[in-house]
>>> print(open('structure19.cif').read())   # mmCIF, C-alpha atoms
data_final
#
loop_
_atom_site.group_PDB
_atom_site.id
_atom_site.type_symbol
_atom_site.label_atom_id
_atom_site.label_comp_id
_atom_site.auth_asym_id
_atom_site.auth_seq_id
_atom_site.Cartn_x
_atom_site.Cartn_y
_atom_site.Cartn_z
ATOM 1 C CA MET A 25 -19.715 -18.609 9.788
ATOM 2 C CA GLU A 26 -19.380 -18.878 6.010
ATOM 3 C CA LYS A 27 -16.222 -17.732 4.217
ATOM 4 C CA LYS A 28 -17.818 -14.694 2.566
ATOM 5 C CA SER A 29 -19.136 -13.328 5.878
ATOM 6 C CA LYS A 30 -15.764 -13.894 7.506
ATOM 7 C CA ALA A 31 -14.024 -12.093 4.645
ATOM 8 C CA VAL A 32 -16.354 -9.099 4.975
ATOM 9 C CA ILE A 33 -15.702 -8.888 8.713
ATOM 10 C CA TYR A 34 -11.938 -9.073 8.155
ATOM 11 C CA MET A 35 -12.106 -6.335 5.506
ATOM 12 C CA LEU A 36 -14.113 -4.079 7.815
ATOM 13 C CA LEU A 37 -11.696 -4.684 10.691
ATOM 14 C CA SER A 38 -8.776 -4.014 8.372
ATOM 15 C CA ALA A 39 -10.270 -0.698 7.251
ATOM 16 C CA LEU A 40 -10.956 0.251 10.876
ATOM 17 C CA PHE A 41 -7.396 -0.533 11.972
ATOM 18 C CA PHE A 42 -5.843 1.298 9.007
ATOM 19 C CA ALA A 43 -8.000 4.336 9.804
ATOM 20 C CA PHE A 44 -6.901 4.099 13.433
ATOM 21 C CA MET A 45 -3.258 3.874 12.308
ATOM 22 C CA ALA A 46 -3.640 6.991 10.142
ATOM 23 C CA ALA A 47 -5.217 8.885 13.046
ATOM 24 C CA MET A 48 -2.350 7.857 15.342
ATOM 25 C CA VAL A 49 0.188 8.989 12.738
ATOM 26 C CA LYS A 50 -1.585 12.351 12.542
ATOM 27 C CA LEU A 51 -1.759 12.674 16.343
ATOM 28 C CA SER A 52 1.911 11.750 16.849
ATOM 29 C CA GLY A 53 2.861 15.332 16.057
ATOM 30 C CA ASP A 54 6.558 16.140 15.778
ATOM 31 C CA VAL A 55 7.817 12.543 15.706
ATOM 32 C CA PRO A 56 9.855 12.268 12.475
ATOM 33 C CA VAL A 57 8.180 10.412 9.600
ATOM 34 C CA LEU A 58 11.043 7.886 9.409
ATOM 35 C CA GLU A 59 10.463 6.908 13.044
ATOM 36 C CA LYS A 60 6.729 6.533 12.460
ATOM 37 C CA VAL A 61 7.376 4.254 9.486
ATOM 38 C CA PHE A 62 10.001 2.260 11.412
ATOM 39 C CA PHE A 63 7.734 1.565 14.387
ATOM 40 C CA ARG A 64 4.717 0.795 12.203
ATOM 41 C CA ASN A 65 6.741 -1.794 10.333
ATOM 42 C CA LEU A 66 8.434 -3.129 13.479
ATOM 43 C CA ILE A 67 5.018 -4.006 14.916
ATOM 44 C CA SER A 68 4.033 -5.468 11.550
ATOM 45 C CA LEU A 69 7.221 -7.566 11.561
ATOM 46 C CA PHE A 70 6.258 -9.315 14.802
ATOM 47 C CA VAL A 71 2.665 -9.883 13.700
ATOM 48 C CA ALA A 72 3.816 -11.227 10.317
ATOM 49 C CA PHE A 73 6.424 -13.471 11.962
ATOM 50 C CA GLY A 74 3.712 -14.976 14.178
ATOM 51 C CA ALA A 75 1.468 -15.569 11.171
ATOM 52 C CA LEU A 76 4.383 -17.086 9.275
ATOM 53 C CA LYS A 77 5.180 -19.499 12.108
ATOM 54 C CA ASN A 78 1.523 -20.605 12.267
ATOM 55 C CA SER A 79 1.409 -21.235 8.512
ATOM 56 C CA ASN A 80 4.764 -23.040 8.325
ATOM 57 C CA GLY A 81 5.748 -20.830 5.391
ATOM 58 C CA SER A 82 9.264 -20.025 4.280
ATOM 59 C CA ILE A 83 10.654 -16.869 5.899
ATOM 60 C CA PHE A 84 12.311 -15.471 2.779
ATOM 61 C CA GLY A 85 10.382 -17.262 0.062
ATOM 62 C CA LYS A 86 11.528 -19.090 -3.026
ATOM 63 C CA LYS A 87 14.726 -18.123 -4.824
ATOM 64 C CA GLU A 88 12.953 -17.423 -8.123
ATOM 65 C CA ASN A 89 10.646 -14.879 -6.414
ATOM 66 C CA GLN A 90 13.315 -12.843 -4.629
ATOM 67 C CA LYS A 91 13.357 -9.952 -7.103
ATOM 68 C CA TYR A 92 9.558 -9.656 -6.921
ATOM 69 C CA LEU A 93 9.544 -9.813 -3.119
ATOM 70 C CA ILE A 94 12.262 -7.149 -2.950
ATOM 71 C CA ALA A 95 10.459 -4.928 -5.463
ATOM 72 C CA ARG A 96 7.162 -5.351 -3.571
ATOM 73 C CA SER A 97 8.934 -4.462 -0.324
ATOM 74 C CA PHE A 98 10.605 -1.310 -1.619
ATOM 75 C CA LEU A 99 7.499 -0.124 -3.445
ATOM 76 C CA GLY A 100 5.438 -0.713 -0.306
ATOM 77 C CA LEU A 101 7.990 0.990 1.951
ATOM 78 C CA THR A 102 8.139 4.037 -0.317
ATOM 79 C CA GLY A 103 4.340 4.140 -0.404
ATOM 80 C CA VAL A 104 4.094 4.020 3.407
ATOM 81 C CA PHE A 105 6.745 6.727 3.786
ATOM 82 C CA LEU A 106 4.981 9.039 1.311
ATOM 83 C CA TYR A 107 1.586 8.321 2.918
ATOM 84 C CA PHE A 108 2.849 9.130 6.420
ATOM 85 C CA TYR A 109 4.479 12.298 5.086
ATOM 86 C CA SER A 110 1.218 13.393 3.455
ATOM 87 C CA ILE A 111 -0.697 12.619 6.664
ATOM 88 C CA SER A 112 1.663 14.843 8.620
ATOM 89 C CA LYS A 113 1.310 17.767 6.182
ATOM 90 C CA LEU A 114 -2.307 17.555 4.923
ATOM 91 C CA ASN A 115 -5.579 17.165 6.702
ATOM 92 C CA LEU A 116 -6.269 13.519 7.401
ATOM 93 C CA ALA A 117 -9.264 13.208 5.057
ATOM 94 C CA ASP A 118 -7.328 14.506 2.022
ATOM 95 C CA SER A 119 -4.280 12.318 2.633
ATOM 96 C CA ALA A 120 -6.470 9.238 3.181
ATOM 97 C CA MET A 121 -8.478 9.958 0.033
ATOM 98 C CA LEU A 122 -5.327 10.357 -2.052
ATOM 99 C CA ASN A 123 -3.912 7.103 -0.683
ATOM 100 C CA LYS A 124 -7.156 5.324 -1.596
ATOM 101 C CA LEU A 125 -6.345 6.003 -5.248
ATOM 102 C CA SER A 126 -4.221 2.845 -5.263
ATOM 103 C CA PRO A 127 -6.884 0.829 -7.192
ATOM 104 C CA PHE A 128 -6.507 3.415 -9.982
ATOM 105 C CA PHE A 129 -2.823 2.505 -10.231
ATOM 106 C CA ILE A 130 -3.446 -1.202 -9.709
ATOM 107 C CA THR A 131 -5.683 -1.140 -12.789
ATOM 108 C CA ILE A 132 -2.981 0.579 -14.858
ATOM 109 C CA PHE A 133 -0.200 -1.719 -13.629
ATOM 110 C CA ALA A 134 -2.333 -4.863 -14.032
ATOM 111 C CA VAL A 135 -3.009 -3.958 -17.665
ATOM 112 C CA ILE A 136 0.686 -3.247 -18.325
ATOM 113 C CA PHE A 137 2.393 -5.986 -16.321
ATOM 114 C CA LEU A 138 -0.200 -8.703 -15.748
ATOM 115 C CA LYS A 139 -1.794 -8.328 -19.192
ATOM 116 C CA GLU A 140 -5.304 -7.918 -17.796
ATOM 117 C CA LYS A 141 -8.045 -6.483 -20.015
ATOM 118 C CA LEU A 142 -9.009 -2.803 -19.884
ATOM 119 C CA THR A 143 -12.771 -2.438 -20.303
ATOM 120 C CA PRO A 144 -14.517 0.789 -21.341
ATOM 121 C CA MET A 145 -16.060 1.030 -17.847
ATOM 122 C CA LYS A 146 -12.592 0.895 -16.281
ATOM 123 C CA VAL A 147 -11.407 3.696 -18.582
ATOM 124 C CA ILE A 148 -14.360 5.911 -17.617
ATOM 125 C CA SER A 149 -13.876 5.103 -13.919
ATOM 126 C CA MET A 150 -10.167 5.913 -14.097
ATOM 127 C CA PHE A 151 -10.897 9.254 -15.750
ATOM 128 C CA VAL A 152 -13.401 10.177 -13.009
ATOM 129 C CA VAL A 153 -10.956 9.082 -10.278
ATOM 130 C CA PHE A 154 -8.164 11.166 -11.780
ATOM 131 C CA LEU A 155 -10.414 14.249 -11.919
ATOM 132 C CA GLY A 156 -11.383 13.673 -8.291
ATOM 133 C CA ALA A 157 -7.721 13.496 -7.303
ATOM 134 C CA LEU A 158 -7.093 16.812 -9.041
ATOM 135 C CA LEU A 159 -9.872 18.378 -6.973
ATOM 136 C CA VAL A 160 -8.174 17.213 -3.773
ATOM 137 C CA ILE A 161 -4.662 18.182 -4.895
ATOM 138 C CA LYS A 162 -5.791 21.628 -6.113
ATOM 139 C CA PRO A 163 -2.765 22.074 -8.406
ATOM 140 C CA GLN A 164 -0.795 25.273 -7.868
ATOM 141 C CA TRP A 165 2.567 26.418 -9.112
ATOM 142 C CA ASN A 166 4.339 26.479 -5.746
ATOM 143 C CA LEU A 167 5.680 24.094 -3.102
ATOM 144 C CA SER A 168 2.405 23.954 -1.156
ATOM 145 C CA VAL A 169 1.309 21.126 -3.458
ATOM 146 C CA VAL A 170 4.214 18.802 -2.424
ATOM 147 C CA PRO A 171 2.294 17.028 0.395
ATOM 148 C CA ALA A 172 -0.658 16.382 -1.939
ATOM 149 C CA ILE A 173 1.651 15.025 -4.626
ATOM 150 C CA SER A 174 3.249 12.825 -1.946
ATOM 151 C CA GLY A 175 -0.192 11.442 -1.112
ATOM 152 C CA PHE A 176 -0.876 10.829 -4.807
ATOM 153 C CA LEU A 177 2.496 9.110 -5.243
ATOM 154 C CA SER A 178 1.877 7.014 -2.116
ATOM 155 C CA ALA A 179 -1.092 5.543 -3.965
ATOM 156 C CA ALA A 180 1.061 4.893 -7.048
ATOM 157 C CA PHE A 181 3.709 3.056 -5.035
ATOM 158 C CA ALA A 182 1.041 1.147 -3.096
ATOM 159 C CA GLY A 183 -0.591 0.226 -6.407
ATOM 160 C CA GLY A 184 2.722 -1.151 -7.651
ATOM 161 C CA ALA A 185 3.203 -3.097 -4.424
ATOM 162 C CA TYR A 186 -0.345 -4.520 -4.553
ATOM 163 C CA THR A 187 0.117 -5.500 -8.186
ATOM 164 C CA LEU A 188 3.196 -7.491 -7.172
ATOM 165 C CA VAL A 189 1.219 -9.076 -4.324
ATOM 166 C CA ARG A 190 -1.316 -10.170 -6.950
ATOM 167 C CA PHE A 191 1.512 -11.563 -9.064
ATOM 168 C CA LEU A 192 2.978 -13.441 -6.068
ATOM 169 C CA LYS A 193 -0.315 -14.713 -4.630
ATOM 170 C CA ASN A 194 -0.055 -18.231 -6.105
ATOM 171 C CA ARG A 195 3.742 -18.321 -5.959
ATOM 172 C CA GLU A 196 4.364 -17.534 -2.270
ATOM 173 C CA ASN A 197 2.692 -17.974 1.082
ATOM 174 C CA PRO A 198 0.809 -14.718 1.923
ATOM 175 C CA ALA A 199 2.501 -14.617 5.343
ATOM 176 C CA THR A 200 5.893 -14.770 3.601
ATOM 177 C CA ILE A 201 4.983 -11.773 1.415
ATOM 178 C CA VAL A 202 3.932 -9.699 4.448
ATOM 179 C CA PHE A 203 6.924 -10.797 6.544
ATOM 180 C CA TYR A 204 9.368 -10.012 3.736
ATOM 181 C CA PHE A 205 7.905 -6.508 3.394
ATOM 182 C CA SER A 206 8.081 -5.902 7.142
ATOM 183 C CA PHE A 207 11.622 -7.293 7.383
ATOM 184 C CA VAL A 208 12.925 -5.100 4.537
ATOM 185 C CA SER A 209 11.110 -2.088 5.996
#
>>> encode(input="structure19.cif", output="structure tokens")
Amino acid sequence: MEKKSKAVIYMLLSALFFAFMAAMVKLSGDVPVLEKVFFRNLISLFVAFGALKNSNGSIFGKKENQKYLIARSFLGLTGVFLYFYSISKLNLADSAMLNKLSPFFITIFAVIFLKEKLTPMKVISMFVVFLGALLVIKPQWNLSVVPAISGFLSAAFAGGAYTLVRFLKNRENPATIVFYFSFVS
């Protein structure tokens, strides 16, 4: 099988498993959000450790990348916590849609921190995405909007974490990046 076909299959499987994870978080009911995050990342830790052993990568990465690995880990952990909180308080479709705004934030962070170019099409797309998020959040002047804002912020933190993954991609073994995140979490 060619690389592109394999990549498409892996992306589809990834989307399926993340959707399954979100459904399980929603169905877990009264289990506290911190416990849900802990067990999600505990499972991830073992999977990442196995991948790391197979790739012969460094467990904690290079010394010069430590601050980026730590920042990626804490941004990712905060994003997961906020996402799981929004799943528990909103309907699953709204929380998932808000979390899928991460490319919006990746674009912003990549322009600011990675010095990537901002094209007119990206500006228009970002404007449309932001308006769509407002339709899901349905801004009100009371506390009922907190779960929706948590979902929106989960995308922002995930966007920051993914931007750091992009920064680290040629500096660290991918299995090291995932293991480090799971270990810190």
>>> closest_residue(input="structure19.cif", among="A:Leu177, A:Leu37, A:Val152, A:Leu76", to="Leu122 in chain A", atoms="only C-alpha atoms")
A:Leu177
>>> resolve_selection(input="structure19.cif", expression="the PyMOL selection byres ((chain A and resi 45-48) around 8)", output="ChimeraX atom specification")
/A:41-44,49-52,108,111,116,120
>>> residues_around(input="structure19.cif", residues="Ser209 in chain A", least_positions_apart="4", cutoff="7 Å", atoms="only C-alpha atoms", output="number ranges by chain")
A: 65, 101, 205
>>> residues_around(input="structure19.cif", residues="Pro198 in chain A", least_positions_apart="2", cutoff="10 Å", atoms="all atoms listed in the file", output="ChimeraX atom specification")
/A:72,75-76,79,81,189,192-196,200-204
>>> closest_atom_pairs(input="structure19.cif", of="range 134-207 of chain A", to="range 126-130 of chain A", cutoff="12 Å", atoms="all atoms listed in the file", output="CSV")
residue,atom,partner,partner_atom,distance
A:Ala134,CA,A:Ile130,CA,5.8
A:Val135,CA,A:Ile130,CA,8.4
A:Ile136,CA,A:Ile130,CA,9.8
A:Phe137,CA,A:Ile130,CA,10.0
A:Leu138,CA,A:Ile130,CA,10.2
A:Lys139,CA,A:Ile130,CA,12.0
A:Glu140,CA,A:Ile130,CA,10.7
A:Leu142,CA,A:Ile130,CA,11.7
A:Lys146,CA,A:Phe128,CA,9.1
A:Val147,CA,A:Phe128,CA,9.9
A:Ile148,CA,A:Phe128,CA,11.2
A:Ser149,CA,A:Phe128,CA,8.5
A:Met150,CA,A:Phe128,CA,6.0
A:Phe151,CA,A:Phe128,CA,9.3
A:Val152,CA,A:Phe128,CA,10.1
A:Val153,CA,A:Phe128,CA,7.2
A:Phe154,CA,A:Phe128,CA,8.1
A:Leu155,CA,A:Phe128,CA,11.7
A:Gly156,CA,A:Phe128,CA,11.5
A:Ala157,CA,A:Phe128,CA,10.5
A:Gly175,CA,A:Ser126,CA,10.4
A:Phe176,CA,A:Ser126,CA,8.7
A:Leu177,CA,A:Ser126,CA,9.2
A:Ser178,CA,A:Ser126,CA,8.0
A:Ala179,CA,A:Ser126,CA,4.3
A:Ala180,CA,A:Phe129,CA,5.6
A:Phe181,CA,A:Ser126,CA,7.9
A:Ala182,CA,A:Ser126,CA,5.9
A:Gly183,CA,A:Ile130,CA,4.6
A:Gly184,CA,A:Ile130,CA,6.5
A:Ala185,CA,A:Ile130,CA,8.7
A:Tyr186,CA,A:Ile130,CA,6.9
A:Thr187,CA,A:Ile130,CA,5.8
A:Leu188,CA,A:Ile130,CA,9.5
A:Val189,CA,A:Ile130,CA,10.6
A:Arg190,CA,A:Ile130,CA,9.6
A:Phe191,CA,A:Ile130,CA,11.5
>>> closest_residue(input="structure19.cif", among="A:Val208, A:Met25, A:Leu159, A:Ile67", to="Gly100 in chain A", atoms="only C-alpha atoms")
A:Val208
>>> atom_distance(input="structure19.cif", atom1="CA of Asp118 in chain A", atom2="CA of Ala172 in chain A")
8.0 Å
>>> resolve_selection(input="structure19.cif", expression="the PyMOL selection byres ((chain A and resi 109) around 10)", output="ChimeraX atom specification")
/A:49-50,56-58,60-61,103-108,110-114,119,170-172,174-175,178
>>> atom_distance(input="structure19.cif", atom1="CA of Lys28 in chain A", atom2="CA of Asn89 in chain A")
29.8 Å
>>> atom_distance(input="structure19.cif", atom1="CA of Asn123 in chain A", atom2="CA of Ile173 in chain A")
10.5 Å
>>> axis_aligned_box(input="structure19.cif", around="range 40-55 of chain A", padding_each_side="3 Å", output="AutoDock Vina command-line options")
--center_x -1.6 --center_y 7.8 --center_z 12.9 --size_x 24.8 --size_y 22.7 --size_z 13.8
>>> decode(input="structure19.cif", residues="range 66-129 of chain A", atoms="C-alpha atoms", output="short mmCIF file (atom, residue, chain, number, x, y, z; two decimals), in the first residue's frame")
data_model
loop_
_atom_site.label_atom_id
_atom_site.label_comp_id
_atom_site.auth_asym_id
_atom_site.auth_seq_id
_atom_site.Cartn_x
_atom_site.Cartn_y
_atom_site.Cartn_z
CA LEU A 66 -2.51 6.81 31.51
CA ILE A 67 -3.58 4.62 28.58
CA SER A 68 -1.82 7.01 26.21
CA LEU A 69 1.33 6.76 28.34
CA PHE A 70 1.57 2.99 27.83
CA VAL A 71 0.84 3.21 24.11
CA ALA A 72 3.40 6.01 23.68
CA PHE A 73 6.00 4.11 25.72
CA GLY A 74 5.56 1.09 23.43
CA ALA A 75 5.94 3.27 20.35
CA LEU A 76 8.99 4.93 21.87
CA LYS A 77 10.66 1.58 22.58
CA ASN A 78 10.03 0.44 18.99
CA SER A 79 11.53 3.63 17.56
CA ASN A 80 14.56 3.69 19.88
CA GLY A 81 13.86 7.35 20.66
CA SER A 82 14.94 9.23 23.74
CA ILE A 83 12.36 9.12 26.54
CA PHE A 84 12.69 12.75 27.58
CA GLY A 85 14.16 14.28 24.45
CA LYS A 86 17.06 16.63 23.94
CA LYS A 87 18.05 19.15 26.59
CA GLU A 88 17.59 22.15 24.28
CA ASN A 89 13.95 21.13 23.60
CA GLN A 90 12.84 20.67 27.21
CA LYS A 91 11.02 24.00 27.51
CA TYR A 92 9.11 23.32 24.27
CA LEU A 93 8.21 19.78 25.33
CA ILE A 94 7.01 21.03 28.72
CA ALA A 95 5.00 23.85 27.13
CA ARG A 96 3.47 21.43 24.60
CA SER A 97 2.57 19.06 27.44
CA PHE A 98 0.90 21.67 29.63
CA LEU A 99 -0.95 23.27 26.73
CA GLY A 100 -2.15 19.85 25.62
CA LEU A 101 -3.16 18.81 29.14
CA THR A 102 -5.12 22.03 29.66
CA GLY A 103 -6.79 21.53 26.28
CA VAL A 104 -7.82 17.95 27.14
CA PHE A 105 -9.14 19.02 30.54
CA LEU A 106 -11.22 21.84 29.04
CA TYR A 107 -12.47 19.56 26.23
CA PHE A 108 -13.58 16.84 28.67
CA TYR A 109 -15.27 19.49 30.82
CA SER A 110 -17.16 20.85 27.81
CA ILE A 111 -18.16 17.32 26.77
CA SER A 112 -19.62 16.72 30.22
CA LYS A 113 -21.64 19.96 30.19
CA LEU A 114 -22.65 20.45 26.52
CA ASN A 115 -24.17 18.15 23.99
CA LEU A 116 -21.49 16.07 22.33
CA ALA A 117 -21.85 17.62 18.86
CA ASP A 118 -21.34 21.19 20.14
CA SER A 119 -18.33 20.32 22.29
CA ALA A 120 -16.73 18.35 19.44
CA MET A 121 -17.36 21.17 16.97
CA LEU A 122 -15.81 23.74 19.31
CA ASN A 123 -12.77 21.53 19.85
CA LYS A 124 -12.35 21.19 16.08
CA LEU A 125 -11.61 24.92 15.96
CA SER A 126 -7.98 24.13 16.77
CA PRO A 127 -6.84 24.73 13.13
CA PHE A 128 -8.17 28.29 13.54
CA PHE A 129 -5.76 28.78 16.44
#
